[in-house]
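Structure first, then comments.
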Amino acid sequence: MTLTEEPRLLVPGIPTLGLGVERYRVNGQAATVLALEAGDTLEIRNVEGRQVCELVVFDGGGRSAPGLLGQSASGPAVGTQAILSHNITDARRVRVGLEVPGVDLTDAVKIDVFDTSSPAGESATFTASDRAMVIVAAPGSAMDPHQPDPATALLAFVTRAHKPETGEAPLLPVPLGDMTQDLFIERRTALAYEVKAGQYIQVIDIEGRECSDFQAFDARALQGSIGQAALERCLDATVTRSLMGASYPGPGLYSKFYDGSMNALVEVVQDTVGRHDTFNLACTGKYYDDMGYPGHVNCTDNMNSQLGPYGVAPRTGWEAINFFYNTNIDDNNQIYLDEPWSRPGDYVLLRALTDLVCVSTACPCDIDAANGWEPTDIAVRVYPEKRTFKKAMAFRMSADADPELTRETGFHPRTSDLTRDFSEYQGFWLANKFNNSGAIDEYWACREAVAAIDLSPLRKYEVTGPDAEELLQTCLTRNVRKLADGQVSYTAMCYDTGGMIDDGTIFRLGRENFRWIGGADASGLWLRQQAAERGLRAWVRSSTDELHNIQVQGPKSRATLADVIWTPPAQPTVEELGWFRFAIGRIGGPQGIPLVVSRTGYTGELGFEIFCHPTTAPDVWDAVFEAGATHGIKPMGLEALDILRIEAGLIFAGYEFCDQTDPFEAGISFTVPLKSKEDDFIGRDALLARKANPQRTLVGLELAGGEPGANGDGVFVGRQQVGEITSGTISPTLRKNIALCRMMLPHDEIGTEVEVGKLDGHQKRIPAQVVRFPFYDPDKSRVRA
């Protein structure tokens with residue numbers, strides 16, 4: 001940008017589609033229903049390519065009418081009918097939306113849009129000639145792990161012929177179910193309301209970037225019990241923070257807000273934002289007075305006026321849970337604020353644990369960034385106690401992507417029977433540890449016998465087409481051309497600066513068929529972007545939802561799986577499967593559950609990974625655990641896995657590497673064969689320069705004592721910081737305090753003595769020494785066994 005150009009502010013969270021434009025995501029093997037008026041346009045975008053689409057159009061009388069979109073019928077709507085026959089959420093929602101007299105899906109006809117050769121990003125646009133109800137469907141079948149053909153998402157954009165006028169009521173999100181109360185809180189006001197125990201309270205930021213103070217009182221205490229005076233028992237942020245061990249609760253184990261008597265009043269069930277405030281008061285008259293705005297409307301006065309009829313005494317400043325208020329504490333111990341993270345339609349869903357009197361505000365602050373400088377409205381919906389909502393946060397693939405609520409993996413029905421201790425990871429719930437065992441027991445099961453862990457959130461992408469090999473050769477540091485069918489390679493993916501996008505494994509299924517497995521969606525988005533920019537005939541389609549996986553790891557993993565996985569004669573058996581090789585197989589025999597088994601893992605131990613469709617995952621789990629019973633198999637969680645991977649010197653995104661770290665600094669220089677890979681690849685020139693002038697590298701440290709190093713701890717020689725701990729643990733096998741550290745040269749030599757800084761880095765130091773790593777089995781004799 002030159003100095004004469006107009007500056008541009010990028011705000012991905014604020015809608016940039018324009019007035020009257022709506023966006024809808026249609027997942028693979030799912031459908032949605034849209035209402036169109038005369039003149040409205042409908043654009044369907046094939047995001048990942050090769051995904052067919054069916055449009056099924058009905059007129060006001062419920063008759064199939066493809067002509068309303070100016071099209072002729074392509075045939076019966078078989079794909080749509082198959083989707084709607086399933087009892088899944090999307091199908092139920094569409095059936096409810098079609099509850100119009102005369103709608104008969106059995107005789108419905110379709111408009112075909114796209115085919116299996118459609119490129120990523122292809123779109124088609126239609127204009128409605130009259131009022132119409134349109135089903136947008138993305139047909140497909142459950143992906144066989146042996147065949148890389150996943151059904152993927154479509155995007156539907158509706159441009160309304162009638163643009164909303166300024167001041168019109170904003171579009172509210174679809175309710176989560178039948179409501180008992182539907183409340184609207186106009187900007188700069190507040191509203192009190194009553195909620196019964198077990199009911200759900202949804203606080204919605206309608207237009208985004210708007211704070212809402214929330215307070216709740218125990219209704220029975222407020223009314224006064226027989227022989228007792230009325231008590232104002234309301235949410236206490238200090239008590240809540242102390243009991244939950246966090247700035248504010250979130251969905252999961254630590255999810256409750258408490259009053260001053262340590263009684264839980266509400267529980268957080270869902271949260272699509274994940275950034276709120278419990279440190280500050282609701283805005284007060286004094287705040288505005290001190291800022292030079294005397295008499296400014298404020299949340300505290302608004303709350304007082306609403307709570308007065310319930311007998312609540314007015315306060316000068318109300319303690320409240322400030323939903324969507326973006327505050328934090330900086331390194332100078334200053335509380336600061338910025339624009340909220342909330343997008344239009346974002347919400348927090350609470351469950352009342354007792355009868356409550358609640359108050360919610362639409363904050364009036366327009367003198368700072370608290371509400372994005374422009375106060376807007378808040379909605380509150382109350383749902384009956386008979387409803388059930390799963391605990392969830394919102395995960396976004398990218399800053400401007402639609403939110404997806406935390407999901408359960410295909411193995412969750414089995415793992416959830418064994419623990420309630422789950423963490424959100426990349427949009428899924430994964431177990432931290434299991435009942436009656438814990439991280440250390442699970443660790444020893446993996447080192448001495450066999451353990452299984454669910455790692456289904458790993459991102460899988462099917463990379464196919466005539467130019468698939470060229471795309472991967474361009475984007476990955478390893479030499480993909482040397483990869484044989486049935487072989488796996490661990491590799492890095494870099495930007496042109498040499499900074500890492502991701503690490504992962506590439507599976508070669510055939511000459512034009514590959515499967516990329518990485519840690520984050522950024523890698524798949526990057527591959528698709530490069531294919532488009534370079535004009536390559538290669539499709540990059542997500543199969544994460546079609547392939548869920550467990551790792552079966554430990555010295556007895558081979559014996560466990562040999563009895564349960566059948567492979568055809570043309571494939572190696574489990575006993576024959578070599579390191580970084582995979583085979584196509586089935587559970588039990590030639591008619592069993594299809595799967596892919598690879599000789600890979602993340603523990604530094606002999607091990608395998610099993611990939612299957614999520615619908616068959618519980619049966620795969622059962623078969624593995626039945627076969628492993630005689631070998632002492634145990635389920636394993638993330639806490640044990642972290643110990644194992646640190647011992648083995650295996651890196652983790654956000655700890656050992658980020659996009660500012662190159663593979664040499666991340667300790668995986670072996671993934672960059674600059675001499676043997678003659679083809680150019682993204683980042684090659686930068687990596688050549690970085691290798692010639694190294695600044696930092698990953699080393700192993702052994703620390704004195706029993707206090708482990710933590711991510712971010714400084715590593716010092718005297719007052720000079722020469723490194724930073726990336727991961728640390730106490731090794732049960734080695735009985736040592738070990739850590740991975742990114743160290744400046746020349747302090748990386750084995751035997752170099754350093755100190756790990758605690759507290760402020762200087763007041764407390766732990767002696768440490770640079771040692772060889774991997775710490776466990778550095779020659780990898782066990783994993784190669």
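Order determines the names: the first chain of the structure tokens is A, the second B, and so forth; residues in each chain are numbered 1 upward, and ligands are numbered 1 upward as they are shown.
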request  = For A:Leu34, please output as a ChimeraX atom specification all residues within 9 Å (counting only C-alpha atoms; exclusion window: fewer than 6 positions along the same chain).
outcome  = /A:97,132-136,158
For the residues selected in the previous step, produce a file with N, CA, C and O atoms as a short mmCIF file (atom, residue, chain, number, x, y, z; two decimals), in the first residue's frame.
```cif
data_model
loop_
_atom_site.label_atom_id
_atom_site.label_comp_id
_atom_site.auth_asym_id
_atom_site.auth_seq_id
_atom_site.Cartn_x
_atom_site.Cartn_y
_atom_site.Cartn_z
N GLY A 97 -38.66 -27.35 8.69
CA GLY A 97 -38.81 -26.20 7.80
C GLY A 97 -39.76 -26.43 6.65
O GLY A 97 -40.26 -25.48 6.05
N ALA A 132 -40.47 -19.05 -3.06
CA ALA A 132 -40.08 -20.45 -3.18
C ALA A 132 -39.42 -20.94 -1.90
O ALA A 132 -38.82 -20.15 -1.16
N MET A 133 -39.57 -22.22 -1.65
CA MET A 133 -38.84 -22.90 -0.59
C MET A 133 -37.83 -23.82 -1.27
O MET A 133 -38.20 -24.64 -2.11
N VAL A 134 -36.53 -23.67 -0.93
CA VAL A 134 -35.47 -24.40 -1.64
C VAL A 134 -34.67 -25.24 -0.65
O VAL A 134 -34.15 -24.72 0.35
N ILE A 135 -34.58 -26.54 -0.93
CA ILE A 135 -33.66 -27.40 -0.19
C ILE A 135 -32.33 -27.41 -0.94
O ILE A 135 -32.28 -27.67 -2.14
N VAL A 136 -31.25 -27.08 -0.23
CA VAL A 136 -29.90 -27.19 -0.78
C VAL A 136 -29.25 -28.39 -0.13
O VAL A 136 -29.07 -28.43 1.09
N VAL A 158 -27.45 -16.09 -0.17
CA VAL A 158 -28.73 -15.53 -0.60
C VAL A 158 -28.62 -14.01 -0.60
O VAL A 158 -28.26 -13.41 0.43
#
```
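When the distance limit is 8 Å and only C-alpha atoms are what count, the residues near A:Phe324, minus those fewer than 2 positions from it on the same chain, are Arg209, Glu210, Cys211, Ser212, Val273, Arg275, His276, Asp277, Asn322, Asn326, Pro340, Trp341 and Ser342 of chain A.
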Write out the residues from the selection above, keeping all heavy atoms, as an mmCIF file, in the first residue's frame.
```cif
data_model
loop_
_atom_site.group_PDB
_atom_site.id
_atom_site.type_symbol
_atom_site.label_atom_id
_atom_site.label_comp_id
_atom_site.auth_asym_id
_atom_site.auth_seq_id
_atom_site.Cartn_x
_atom_site.Cartn_y
_atom_site.Cartn_z
ATOM 1 N N ARG A 209 -19.875 -7.611 18.786
ATOM 2 C CA ARG A 209 -19.106 -6.545 19.447
ATOM 3 C C ARG A 209 -19.947 -5.768 20.476
ATOM 4 O O ARG A 209 -19.767 -4.570 20.635
ATOM 5 C CB ARG A 209 -18.535 -5.557 18.419
ATOM 6 C CG ARG A 209 -17.703 -6.169 17.290
ATOM 7 C CD ARG A 209 -16.343 -6.601 17.766
ATOM 8 N NE ARG A 209 -15.369 -6.659 16.711
ATOM 9 C CZ ARG A 209 -15.052 -7.756 16.014
ATOM 10 N NH1 ARG A 209 -15.660 -8.889 16.274
ATOM 11 N NH2 ARG A 209 -14.119 -7.720 15.074
ATOM 12 N N GLU A 210 -20.852 -6.454 21.185
ATOM 13 C CA GLU A 210 -21.676 -5.791 22.196
ATOM 14 C C GLU A 210 -21.584 -6.558 23.511
ATOM 15 O O GLU A 210 -21.747 -7.780 23.545
ATOM 16 C CB GLU A 210 -23.138 -5.742 21.753
ATOM 17 C CG GLU A 210 -24.132 -5.285 22.804
ATOM 18 C CD GLU A 210 -23.953 -3.835 23.244
ATOM 19 O OE1 GLU A 210 -23.338 -3.055 22.470
ATOM 20 O OE2 GLU A 210 -24.414 -3.471 24.345
ATOM 21 N N CYS A 211 -21.296 -5.838 24.603
ATOM 22 C CA CYS A 211 -21.193 -6.466 25.919
ATOM 23 C C CYS A 211 -22.563 -6.581 26.575
ATOM 24 O O CYS A 211 -23.455 -5.760 26.336
ATOM 25 C CB CYS A 211 -20.285 -5.644 26.831
ATOM 26 S SG CYS A 211 -18.603 -5.469 26.217
ATOM 27 N N SER A 212 -22.701 -7.603 27.418
ATOM 28 C CA SER A 212 -23.939 -7.790 28.169
ATOM 29 C C SER A 212 -23.590 -8.212 29.586
ATOM 30 O O SER A 212 -23.108 -9.330 29.809
ATOM 31 C CB SER A 212 -24.824 -8.849 27.499
ATOM 32 O OG SER A 212 -26.011 -9.061 28.243
ATOM 33 N N VAL A 273 -17.886 -17.789 22.029
ATOM 34 C CA VAL A 273 -16.930 -16.686 21.998
ATOM 35 C C VAL A 273 -15.634 -17.036 22.730
ATOM 36 O O VAL A 273 -14.548 -16.967 22.169
ATOM 37 C CB VAL A 273 -17.546 -15.405 22.608
ATOM 38 C CG1 VAL A 273 -16.543 -14.255 22.548
ATOM 39 C CG2 VAL A 273 -18.814 -15.026 21.868
ATOM 40 N N ARG A 275 -14.317 -15.371 25.328
ATOM 41 C CA ARG A 275 -13.615 -14.228 25.910
ATOM 42 C C ARG A 275 -14.650 -13.343 26.615
ATOM 43 O O ARG A 275 -15.501 -12.734 25.963
ATOM 44 C CB ARG A 275 -12.861 -13.439 24.840
ATOM 45 C CG ARG A 275 -12.143 -12.183 25.367
ATOM 46 C CD ARG A 275 -11.122 -12.503 26.457
ATOM 47 N NE ARG A 275 -9.945 -13.175 25.962
ATOM 48 C CZ ARG A 275 -8.828 -12.548 25.575
ATOM 49 N NH1 ARG A 275 -8.760 -11.232 25.619
ATOM 50 N NH2 ARG A 275 -7.792 -13.241 25.153
ATOM 51 N N HIS A 276 -14.555 -13.283 27.956
ATOM 52 C CA HIS A 276 -15.486 -12.533 28.783
ATOM 53 C C HIS A 276 -14.702 -11.888 29.922
ATOM 54 O O HIS A 276 -13.482 -12.016 30.011
ATOM 55 C CB HIS A 276 -16.592 -13.445 29.332
ATOM 56 C CG HIS A 276 -17.223 -14.307 28.295
ATOM 57 N ND1 HIS A 276 -18.142 -13.840 27.390
ATOM 58 C CD2 HIS A 276 -17.040 -15.640 27.987
ATOM 59 C CE1 HIS A 276 -18.518 -14.827 26.574
ATOM 60 N NE2 HIS A 276 -17.857 -15.914 26.920
ATOM 61 N N ASP A 277 -15.413 -11.214 30.828
ATOM 62 C CA ASP A 277 -14.755 -10.508 31.922
ATOM 63 C C ASP A 277 -15.467 -10.782 33.242
ATOM 64 O O ASP A 277 -16.696 -10.767 33.311
ATOM 65 C CB ASP A 277 -14.764 -8.997 31.661
ATOM 66 C CG ASP A 277 -14.305 -8.208 32.875
ATOM 67 O OD1 ASP A 277 -13.103 -8.207 33.163
ATOM 68 O OD2 ASP A 277 -15.172 -7.624 33.559
ATOM 69 N N ASN A 322 -19.538 -10.091 32.929
ATOM 70 C CA ASN A 322 -19.599 -9.223 31.750
ATOM 71 C C ASN A 322 -19.371 -10.044 30.485
ATOM 72 O O ASN A 322 -18.239 -10.152 29.984
ATOM 73 C CB ASN A 322 -18.551 -8.111 31.866
ATOM 74 C CG ASN A 322 -18.675 -7.343 33.170
ATOM 75 O OD1 ASN A 322 -19.763 -6.936 33.540
ATOM 76 N ND2 ASN A 322 -17.561 -7.174 33.868
ATOM 77 N N ASN A 326 -14.181 -7.830 26.420
ATOM 78 C CA ASN A 326 -12.827 -8.310 26.126
ATOM 79 C C ASN A 326 -11.816 -7.578 26.994
ATOM 80 O O ASN A 326 -11.373 -6.476 26.656
ATOM 81 C CB ASN A 326 -12.521 -8.114 24.641
ATOM 82 C CG ASN A 326 -11.109 -8.538 24.284
ATOM 83 O OD1 ASN A 326 -10.423 -9.219 25.049
ATOM 84 N ND2 ASN A 326 -10.651 -8.138 23.108
ATOM 85 N N PRO A 340 -14.755 -6.413 21.594
ATOM 86 C CA PRO A 340 -15.132 -7.805 21.878
ATOM 87 C C PRO A 340 -14.795 -8.737 20.725
ATOM 88 O O PRO A 340 -14.721 -8.328 19.564
ATOM 89 C CB PRO A 340 -16.652 -7.718 22.086
ATOM 90 C CG PRO A 340 -16.893 -6.313 22.518
ATOM 91 C CD PRO A 340 -15.894 -5.490 21.753
ATOM 92 N N TRP A 341 -14.612 -10.002 21.074
ATOM 93 C CA TRP A 341 -14.380 -11.035 20.072
ATOM 94 C C TRP A 341 -15.687 -11.526 19.438
ATOM 95 O O TRP A 341 -15.655 -12.236 18.439
ATOM 96 C CB TRP A 341 -13.685 -12.239 20.715
ATOM 97 C CG TRP A 341 -12.254 -12.021 21.071
ATOM 98 C CD1 TRP A 341 -11.558 -10.843 21.045
ATOM 99 C CD2 TRP A 341 -11.315 -13.016 21.501
ATOM 100 N NE1 TRP A 341 -10.254 -11.042 21.444
ATOM 101 C CE2 TRP A 341 -10.079 -12.377 21.734
ATOM 102 C CE3 TRP A 341 -11.404 -14.383 21.723
ATOM 103 C CZ2 TRP A 341 -8.952 -13.054 22.165
ATOM 104 C CZ3 TRP A 341 -10.283 -15.068 22.162
ATOM 105 C CH2 TRP A 341 -9.059 -14.414 22.379
ATOM 106 N N SER A 342 -16.808 -11.197 20.032
ATOM 107 C CA SER A 342 -18.079 -11.790 19.612
ATOM 108 C C SER A 342 -18.466 -11.337 18.211
ATOM 109 O O SER A 342 -18.299 -10.179 17.836
ATOM 110 C CB SER A 342 -19.186 -11.442 20.607
ATOM 111 O OG SER A 342 -19.219 -10.054 20.870
#
```
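With only C-alpha atoms as the basis for measurement, A:Thr406 is the residue among A:Gln553, A:Ser456, A:Ser118, A:Thr406 that approaches A:Met393 most closely.
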remark   = Correct to one decimal, the distance atom CA of A:Gly28-atom CA of A:Pro139 is 6.6 Å
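The spacing separating atom CA of A:Ser141 from atom CA of A:Gly510 amounts to 21.7 Å.
Within 10 Å of A:Gln660, once only C-alpha atoms are used and residues closer than 3 positions along the same chain are dropped, the contacting residues are Tyr495, Thr497, Gly498, Gly499, Met500, Ile501, Phe657 and Glu665 of chain A.
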ask   = Just asking: which residues within stretch 165-358 of chain A are strand (DSSP E) according to DSSP, as an MDAnalysis selection string?
value = chainID A and resid 181:185 190:195 200:205 212:218 256:258 264:271 321:323 326:329 335:338 346:352 356:358
request  = Counting only C-alpha atoms, figure out which residue out of A:Glu448, A:Asp502, A:Glu755, A:Asp545 gets nearest to A:Leu527.
outcome  = A:Asp502
Would you mind listing what lies within 12 Å of A:Asp366 as an mmCIF file with N, CA and C atoms, in the first residue's frame, with only C-alpha atoms counted and same-chain residues fewer than 2 positions away left out?
```cif
data_model
loop_
_atom_site.group_PDB
_atom_site.id
_atom_site.type_symbol
_atom_site.label_atom_id
_atom_site.label_comp_id
_atom_site.auth_asym_id
_atom_site.auth_seq_id
_atom_site.Cartn_x
_atom_site.Cartn_y
_atom_site.Cartn_z
ATOM 1 N N ARG A 187 -30.622 -1.613 22.910
ATOM 2 C CA ARG A 187 -29.327 -1.003 23.250
ATOM 3 C C ARG A 187 -29.490 0.052 24.343
ATOM 4 N N ARG A 188 -28.500 0.066 25.243
ATOM 5 C CA ARG A 188 -28.432 1.033 26.355
ATOM 6 C C ARG A 188 -29.495 0.795 27.425
ATOM 7 N N ARG A 209 -19.875 -7.611 18.786
ATOM 8 C CA ARG A 209 -19.106 -6.545 19.447
ATOM 9 C C ARG A 209 -19.947 -5.768 20.476
ATOM 10 N N GLU A 210 -20.852 -6.454 21.185
ATOM 11 C CA GLU A 210 -21.676 -5.791 22.196
ATOM 12 C C GLU A 210 -21.584 -6.558 23.511
ATOM 13 N N CYS A 211 -21.296 -5.838 24.603
ATOM 14 C CA CYS A 211 -21.193 -6.466 25.919
ATOM 15 C C CYS A 211 -22.563 -6.581 26.575
ATOM 16 N N CYS A 283 -20.635 -1.121 34.030
ATOM 17 C CA CYS A 283 -20.263 0.291 33.944
ATOM 18 C C CYS A 283 -21.135 1.133 34.873
ATOM 19 N N TYR A 288 -18.269 7.220 33.951
ATOM 20 C CA TYR A 288 -18.505 8.229 32.917
ATOM 21 C C TYR A 288 -18.241 9.635 33.441
ATOM 22 N N MET A 291 -14.631 10.227 33.265
ATOM 23 C CA MET A 291 -14.145 10.305 31.889
ATOM 24 C C MET A 291 -14.627 11.573 31.188
ATOM 25 N N TYR A 293 -18.020 12.544 31.007
ATOM 26 C CA TYR A 293 -19.342 12.377 30.410
ATOM 27 C C TYR A 293 -20.388 12.279 31.525
ATOM 28 N N HIS A 296 -24.110 10.187 31.830
ATOM 29 C CA HIS A 296 -24.186 9.160 30.787
ATOM 30 C C HIS A 296 -24.955 7.956 31.316
ATOM 31 N N VAL A 297 -25.853 7.417 30.500
ATOM 32 C CA VAL A 297 -26.579 6.215 30.890
ATOM 33 C C VAL A 297 -25.580 5.103 31.157
ATOM 34 N N ASN A 298 -25.844 4.261 32.182
ATOM 35 C CA ASN A 298 -24.876 3.214 32.529
ATOM 36 C C ASN A 298 -25.597 1.944 32.965
ATOM 37 N N GLU A 339 -11.886 -4.261 21.652
ATOM 38 C CA GLU A 339 -13.167 -4.626 21.061
ATOM 39 C C GLU A 339 -13.492 -6.089 21.356
ATOM 40 N N ALA A 362 -27.793 -4.487 27.768
ATOM 41 C CA ALA A 362 -27.159 -4.177 26.488
ATOM 42 C C ALA A 362 -26.339 -2.918 26.764
ATOM 43 N N CYS A 363 -25.053 -3.095 26.985
ATOM 44 C CA CYS A 363 -24.202 -2.035 27.539
ATOM 45 C C CYS A 363 -24.242 -0.762 26.680
ATOM 46 N N PRO A 364 -24.357 0.424 27.353
ATOM 47 C CA PRO A 364 -24.473 1.689 26.612
ATOM 48 C C PRO A 364 -23.150 2.356 26.273
ATOM 49 N N ASP A 368 -15.492 4.216 24.425
ATOM 50 C CA ASP A 368 -14.273 3.433 24.232
ATOM 51 C C ASP A 368 -14.626 2.199 23.409
ATOM 52 N N ALA A 369 -13.678 1.281 23.310
ATOM 53 C CA ALA A 369 -13.842 0.141 22.406
ATOM 54 C C ALA A 369 -14.655 -1.008 22.994
ATOM 55 N N ALA A 370 -15.204 -0.832 24.214
ATOM 56 C CA ALA A 370 -15.875 -1.941 24.894
ATOM 57 C C ALA A 370 -16.959 -2.581 24.040
ATOM 58 N N ASN A 371 -17.709 -1.761 23.300
ATOM 59 C CA ASN A 371 -18.760 -2.260 22.410
ATOM 60 C C ASN A 371 -18.441 -1.976 20.944
ATOM 61 N N GLY A 372 -17.171 -1.947 20.627
ATOM 62 C CA GLY A 372 -16.784 -1.633 19.257
ATOM 63 C C GLY A 372 -17.192 -0.227 18.863
ATOM 64 N N TRP A 373 -17.344 0.671 19.878
ATOM 65 C CA TRP A 373 -17.681 2.081 19.685
ATOM 66 C C TRP A 373 -19.134 2.308 19.281
ATOM 67 N N GLU A 374 -19.921 1.243 19.178
ATOM 68 C CA GLU A 374 -21.308 1.415 18.736
ATOM 69 C C GLU A 374 -22.213 0.426 19.460
ATOM 70 N N PRO A 375 -22.880 0.836 20.544
ATOM 71 C CA PRO A 375 -23.749 -0.076 21.285
ATOM 72 C C PRO A 375 -24.878 -0.615 20.410
ATOM 73 N N THR A 376 -25.186 -1.891 20.591
ATOM 74 C CA THR A 376 -26.276 -2.526 19.847
ATOM 75 C C THR A 376 -27.131 -3.345 20.816
#
```
request  = Between atom CA of A:Val672 and atom CA of A:Gly578, measure the distance and give it in Å to one decimal.
outcome  = 22.4 Å
Compile a residue-level contact table for stretch 159-234 of chain A against stretch 38-48 of chain A at a cut-off of 6 Å, reporting for every qualifying residue the shortest atom pair and its distance in Å to one decimal, with only C-alpha atoms counted, rows ordered by chain and ascending number, as a tab-separated table.
```
residue	atom	partner	partner_atom	distance
A:Thr159	CA	A:Thr41	CA	5.2
A:Arg160	CA	A:Asp40	CA	4.7
A:Ala161	CA	A:Asp40	CA	4.9
```
Skipping near chain neighbours, those fewer than 3 positions away, what residues fall within 6 Å of A:Ser543 using only C-alpha atoms, listed as a tab-separated table (two decimals) with N, CA, C and O atoms, in the first residue's frame?
```tsv
chain	number	residue	atom	x	y	z
A	150	PRO	N	-14.60	-38.21	0.07
A	150	PRO	CA	-15.48	-37.67	1.11
A	150	PRO	C	-16.53	-36.71	0.54
A	150	PRO	O	-16.29	-36.03	-0.46
A	460	LYS	N	-7.44	-34.52	8.38
A	460	LYS	CA	-7.16	-35.37	7.24
A	460	LYS	C	-7.67	-34.71	5.96
A	460	LYS	O	-8.79	-34.20	5.94
A	461	TYR	N	-6.85	-34.75	4.94
A	461	TYR	CA	-7.23	-34.20	3.65
A	461	TYR	C	-6.88	-35.19	2.55
A	461	TYR	O	-5.76	-35.71	2.50
A	546	GLU	N	-14.79	-37.93	8.21
A	546	GLU	CA	-15.03	-39.27	7.65
A	546	GLU	C	-14.03	-40.30	8.15
A	546	GLU	O	-14.23	-41.50	7.97
```
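Minimum atom-to-atom distance to A:Arg558, evaluated using only C-alpha atoms, belongs to A:Val783 out of A:Ala531, A:Ala768, A:Val488, A:Val783.
You can rank A:Pro590, A:Gly465, A:Pro778, A:Pro249 by their closest distance to A:Glu605 using only C-alpha atoms, and at the top of that list sits A:Pro778.
When only C-alpha atoms are used to measure the gap to A:Val56, the shortest distance among A:Gly285, A:Ala468, A:Thr697, A:Ala77 belongs to A:Ala77.
Proximity to A:Tyr310 was assessed for A:Gly292, A:Val359, A:Gly274, A:Tyr258 counting only C-alpha atoms; the smallest distance is recorded for A:Val359.
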ask   = Near A:Ile646, within 12 Å and counting only C-alpha atoms, which residues show up once chain neighbours fewer than 3 positions away are dropped, as an NGL selection string?
value = :A and (602-604 or 639-643 or 649-652 or 655-656 or 699-701 or 709 or 725-732 or 737-741 or 773-777)
